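Student: Pasting a structure here, questions to come.
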Amino acid sequence: MRMLQNLLVIVLSTYVVATLAQETTQDGFDARKPYIVYMGELPGAETSAMARHHNLLVQAIGDEEIARASRIHSYGRTFSGFAARLLPHEAKALAEEDSVVSVFPNTMRKLHTTRSWDFLGLPKKLKKGNAQIQSNIIVGVLDTGIYLDGPSFNDTGYGPPPSKWKGKCVKGDNFKGCNNKVIGAKYFNLDSSNHPWSGKLSPVDDEGHGSHTASTIAGTPVQGASVYGIAKGTARGGAPLSRIAVYKVCWPSNGCSDIDMLAAFDEAIADGVDLISISIGGPSRSFWEDPISIGSFHAMKKRIFVSCSAGNDGPSEGTVQNVAPWVTTVAANTIDRKLKTIVKLGNGKTFSGNALNTYTLKKQMYPLTSGTLASNKSENSYGNASACESSTLNADKVKGRIVYCLGSSGQDFTIQRLQGAGTLMTQYELEDYAYSPVIPGTGILVKDGIKIDQYINSTKNPRAVIYKTRTVKTSDAPNIASFSSRGPQRITPSILKPDISAPGINILAAYSRLASISGDPEDKRFSLFNMMSGTSMACPHVTAAAAYVKSFHPDWSPAAIKSALMTTATPINTRVGGNTLGTGAGQINPKKAAHPGLIYDITVDDYISFLCKQGYNSTNIGILVGGKKNISCSDYKPPRGTDGLNYPSMHFHQQGNDTSVKAVFYRRVTNVGYGNSVYKVKLTMPKFFSVTVTPSTLKFTRSHQKRSFKVVVSGGTPTAGVPVSASLEWDDHKHNVRSPIILYKDPS
């Protein structure tokens, strides 16, 4: 009888799978696609979120078994929604349901891939009271996991996790468990059928990215840290006493799924984190079709600060990502240290290149050739030998030699396969970030490459050597990184994004010994520390700075912390590397941010009014906010001014043929400094624009007192595509509270 029952179960299961397969191919559709159905705030305790999700799915699909097989995941710890494999008409039917805010396809996003904290002037130690507060701060990191065996995550001296912690530690391959430093670890791979991962499921960091970002935020100080001896010093996090909770949402070669990221948000908020750091992004979408925007809104409601990387698609304008106003969006800038790799020729001449070259060559000199001279000269070969393209070179002419190649497109891999001793690759302008070649190598300027080529062709026995990279101090930092994504943003153009900038070039931090330092599987170099560049590296600096500020002001809202960071930031020189659409308010100054004087705070009601102004309907806003009270935009006083939000920056984005500019901004500041204080306005503006502030003096008689003011910007229309910048600063001789004012006209 039991065998008959088991057989019946198998037959029924086979029938369901076959039916599902038939359903996915009918009407010309090859397969069901994963969608996220977002339903806003959780329903009341009397209603099961999962039951609601199932009933909606059955109603849309029309078959209970197919509906059950189609559901991927239910979100239900802090907000409501589910992920399911749907046909387009089913997704459309669900989108028309009154209880549904949005339905959108799952997409794959990508990662935005020591000395920096000293450069920012962050103290190594806190006073006892602030240290105690910081040790109770929990930072949630959505990334590639963590490599716990590194010294940056040692928990010596840490007490048990804070009592508010409700999370778990999931064990897995190469991950035996958490400690009192890394108190939580989970992984998410919910849509495995569409994006299979061949390895074992575990919170462990297989790529190094997550360990790098986590240690930048809260890593324990480690003396003598370096990458094969380069940049040796003390590696430390900006908030080293804080605890870390890891949510692995990105997988090697697969990227980061929307479904997984939204699930991680759901868990992290419920687990009790205080801040969330996300160095992940993708093309900007409507707020209710973007998992980072959705998750961060619910985090903001719980007073959780969220920082996100701005993206690595610069210097093109209009490329900034993660632009929701309740998120702190972070650009990347340089620090006062750069890497230098010297090439010396046999004639004694030297050239300076850019690379993270960890190799020390054993000989004083090596034979030097070029891709042109090392060509295999075969009629059947295709490609450009001078650029050392694959299949164009003769292995016998490369072996044991340093090869000079035109361009910079990963020629080190080609030369490595042919057993060359090293490679020189040309760039018209040296990158501001370093690449780690898999053999001795460096990028050099084209003009220097011409001289090297002349030496090769005029010398009977040309020789050269590439020295190991060393660090040198620079005086022109900070400058915006070449790759850092720029504004203007396209979702809500009246809000300036990025918000702020932080170090993101050649940052030394913890790494995973499960990944080579170049990321190439054939690379045999492994290290507990590595240098990485990207807005991915800038974002955790801001997360740590926020934790530092929270150590002084644990009751501050995310908007108050963002305001403190922005209004105390160091302006960035835009003459080098970019324009004001890429810098935000400037580079963070955590020490000043702890005592900003005034803050621009934003409440949930302020965001609701802003969303109403942006045209979002009352039904969707009501579902998003939750609660028993029905939300109606008519019940909220329309926000005044050009942007309609009490934001620390001011941005006017002109999108028409107007011949003049007039923008009005209404702002409200809260005194968080001395009780009795008088702030006077200081304005910096171009000659062809007028900025007036009313009143021009703000008087406070007590702490937490609020004052409002109005800013009017007027003048001729700016040149299309050329941002114009001004600044407003409130000064009481103790604090300088600065806000950037940016005007921009679309070139179209």
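Just so we're on the same page: first chain in the structure tokens is A, next is B, and so on; residues restart at 1 for each chain, and ligands are numbered from 1 in the order they show up.
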List as a list of chain:residue names the protein and nucleic acid residues near region 298-314 of chain A, meaning an atom at most 6 Å away when only C-alpha atoms are counted, but skip any in the same chain fewer than 6 places from it.
Tutor: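 After dropping sequence-adjacent residues, the list is A:His112, A:Asp274, A:Leu275, A:Ile276, A:Ser277, A:Ile278, A:Ser279, A:Val320, A:Gln321, A:Val327, A:Thr328, A:Thr329, A:Val330, A:Ala331, A:Phe483, A:Ser484, A:Ser485, A:Arg486, A:Thr535, A:Ser536, A:Cys539, A:Ser557, A:Pro558.
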Student: Can you list, as a list in words, every protein, DNA or RNA residue that comes within 7 Å of region 206-219 of chain A when you count only C-alpha atoms, leaving out same-chain residues fewer than 2 positions away?
Tutor: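 In the requested format, the answer is Val141, Asp143, Thr144, Gly145, Ile146, Tyr147, Ser152, Phe153, Val204, Pro221, Arg236, Gly237, Gly238, Ala239, Pro240, Leu241, Ser242, Pro252, Ala509, Ala510, Tyr511, Ser512, Leu514, Ala515, Met537, Pro540, His541, Thr543 and Ala544 of chain A.
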Student: Of the candidates A:Asp98, A:Asp499, A:Asp476, A:Glu289, which one gets nearest to Arg337 (chain A) if we count only C-alpha atoms?
Tutor: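 Under the stated criterion, the closest residue is A:Asp476.
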Student: DSSP says strand (DSSP E) for which residues of region 463-494 of chain A? Put them as a VMD selection string?
Tutor: chain A and resid 463 to 466 470 to 473
Student: Using only C-alpha atoms, which residue out of A:Asp658, A:Glu97, A:Asp605, A:Asp432 lies closest to Tyr636 (chain A)?
Tutor: A:Asp605
Student: Which residue out of A:Lys550, A:Lys662, A:Lys592, A:Arg490 has the minimum interatomic distance to Asp746 (chain A) when only C-alpha atoms are used?
Tutor: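 Using only C-alpha atoms, the shortest distance to Asp746 (chain A) belongs to A:Arg490.
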Student: So which residues of region 158-355 of chain A fall under helix (DSSP H, G or I) by DSSP, listed as a VMD selection string?
Tutor: chain A and resid 209 to 218 258 to 271 287 to 289 291 to 301
Student: Which one is closest to Pro440 (chain A): A:Gln454, A:Leu361, A:Lys734, A:Tyr366? Count only C-alpha atoms.
Tutor: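 Going through A:Gln454, A:Leu361, A:Lys734, A:Tyr366 one by one, the smallest distance to Pro440 (chain A) is for A:Leu361.
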Student: Using only C-alpha atoms, determine which residues lie at most 8 Å from Leu496 (chain A), disregarding the query and same-chain residues fewer than 3 positions distant; provide the list as a PyMOL selection string.
Tutor: chain A and resi 487-489+493+499+581+584+649-651+742
Student: Hey, can you spit out that residue selection with C-alpha atoms as a short mmCIF file (atom, residue, chain, number, x, y, z; two decimals), in the first residue's frame?
Tutor:
```
data_model
loop_
_atom_site.label_atom_id
_atom_site.label_comp_id
_atom_site.auth_asym_id
_atom_site.auth_seq_id
_atom_site.Cartn_x
_atom_site.Cartn_y
_atom_site.Cartn_z
CA GLY A 487 24.19 62.73 -12.61
CA PRO A 488 21.74 64.02 -13.50
CA GLN A 489 19.41 61.26 -12.45
CA PRO A 493 15.51 65.00 -11.64
CA ASP A 499 24.73 62.74 -2.55
CA LEU A 581 27.17 66.31 -11.27
CA GLY A 584 27.48 65.52 -4.65
CA SER A 649 21.34 69.93 -1.53
CA MET A 650 19.41 72.00 -4.10
CA HIS A 651 19.11 71.09 -7.76
CA ILE A 742 23.37 72.97 -8.96
#
```
Student: Excluding region 609-623 of chain A and its own-chain neighbours fewer than 4 positions away, which residues fall within 6 Å of it when counting only C-alpha atoms? Please give them as a compact mmCIF listing (two decimals) with N, CA and C atoms, in the first residue's frame.
Tutor:
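What ended up in around-v6.txt:
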```
# COMPACT_ATOMS: atom_id res chain seq x y z
N GLY A 40 3.72 46.13 -0.62
CA GLY A 40 3.82 47.15 0.42
C GLY A 40 3.95 46.60 1.83
N VAL A 101 1.19 46.84 -5.27
CA VAL A 101 1.81 48.12 -5.62
C VAL A 101 2.44 48.06 -7.00
N ILE A 631 -4.40 56.41 3.07
CA ILE A 631 -3.58 57.54 2.64
C ILE A 631 -4.24 58.22 1.45
N SER A 632 -4.37 59.51 1.53
CA SER A 632 -4.87 60.29 0.40
C SER A 632 -3.98 61.51 0.24
N CYS A 633 -3.47 61.71 -0.97
CA CYS A 633 -2.59 62.85 -1.20
C CYS A 633 -3.29 64.17 -0.89
N GLY A 644 10.30 70.18 -3.52
CA GLY A 644 9.28 69.67 -2.60
C GLY A 644 9.80 68.74 -1.53
```
Student: Please provide as a PyMOL selection string all residues within 10 Å of Asn376 (chain A), with the sequence filter that same-chain residues fewer than 4 positions apart are discarded (counting only C-alpha atoms).
Tutor: chain A and resi 371-372+380-381+385+391-397
Student: For a quick check of understanding, using only C-alpha atoms, which of A:Ile480, A:Leu368, A:Leu57, A:Ile507 has the smallest distance to Ala235 (chain A)?
Tutor: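 Smallest separation from Ala235 (chain A) among the options: A:Ile507.
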Student: In terms of the shortest atom-to-atom distance over only C-alpha atoms, which of A:Val249, A:Leu345, A:Ala231, A:Leu142 is closest to Leu190 (chain A)?
Tutor: A:Val249
Student: Can you list, as a compact mmCIF listing (two decimals) with all heavy atoms, in the first residue's frame, every protein, DNA or RNA residue that comes within 8 Å of Asp601 (chain A) when you count only C-alpha atoms, leaving out same-chain residues fewer than 5 positions away?
Tutor:
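Result written to part.txt:
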```
# COMPACT_ATOMS: atom_id res chain seq x y z
N SER A 557 17.64 60.25 12.93
CA SER A 557 17.02 59.56 11.80
C SER A 557 18.05 59.38 10.68
O SER A 557 19.09 60.06 10.66
CB SER A 557 15.85 60.38 11.26
OG SER A 557 16.32 61.56 10.64
N ALA A 559 17.81 60.46 7.69
CA ALA A 559 17.92 61.74 6.99
C ALA A 559 18.81 62.72 7.75
O ALA A 559 19.57 63.49 7.15
CB ALA A 559 16.53 62.35 6.78
N ALA A 560 18.73 62.69 9.09
CA ALA A 560 19.57 63.58 9.90
C ALA A 560 21.04 63.21 9.75
O ALA A 560 21.91 64.08 9.64
CB ALA A 560 19.14 63.49 11.36
N SER A 563 22.20 64.30 6.34
CA SER A 563 22.39 65.74 6.34
C SER A 563 23.71 66.11 6.99
O SER A 563 24.47 66.94 6.46
CB SER A 563 21.23 66.40 7.09
OG SER A 563 21.48 67.78 7.28
N ASN A 646 12.83 68.53 1.91
CA ASN A 646 13.79 69.25 2.76
C ASN A 646 15.18 68.63 2.63
O ASN A 646 15.76 68.14 3.59
CB ASN A 646 13.30 69.21 4.21
CG ASN A 646 14.05 70.19 5.09
OD1 ASN A 646 14.32 71.32 4.69
ND2 ASN A 646 14.37 69.76 6.31
N TYR A 647 15.72 68.67 1.41
CA TYR A 647 16.97 67.97 1.10
C TYR A 647 18.18 68.86 1.39
O TYR A 647 18.10 70.09 1.25
CB TYR A 647 16.97 67.57 -0.38
CG TYR A 647 17.57 66.22 -0.64
CD1 TYR A 647 16.95 65.06 -0.20
CD2 TYR A 647 18.78 66.10 -1.31
CE1 TYR A 647 17.50 63.81 -0.43
CE2 TYR A 647 19.35 64.86 -1.55
CZ TYR A 647 18.71 63.72 -1.10
OH TYR A 647 19.27 62.48 -1.32
N ARG A 668 14.07 73.70 5.97
CA ARG A 668 13.84 73.75 7.42
C ARG A 668 15.03 73.08 8.09
O ARG A 668 15.37 71.94 7.77
CB ARG A 668 12.55 73.00 7.75
CG ARG A 668 12.19 72.92 9.24
CD ARG A 668 10.96 72.04 9.44
NE ARG A 668 11.23 70.64 9.13
CZ ARG A 668 10.75 70.00 8.07
NH1 ARG A 668 9.99 70.63 7.19
NH2 ARG A 668 11.03 68.72 7.86
N VAL A 669 15.69 73.80 9.00
CA VAL A 669 16.85 73.24 9.70
C VAL A 669 16.55 73.12 11.19
O VAL A 669 15.76 73.88 11.75
CB VAL A 669 18.12 74.08 9.48
CG1 VAL A 669 18.62 73.95 8.06
CG2 VAL A 669 17.89 75.54 9.84
N THR A 670 17.19 72.15 11.80
CA THR A 670 17.06 71.91 13.25
C THR A 670 18.40 72.17 13.92
O THR A 670 19.44 71.69 13.45
CB THR A 670 16.63 70.45 13.52
OG1 THR A 670 15.42 70.19 12.81
CG2 THR A 670 16.41 70.22 15.01
```
Student: State, in Å with one decimal place, the distance from CA of Pro203 (chain A) to CA of Asn180 (chain A).
Tutor: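 Distance between the two atoms: 16.4 Å.
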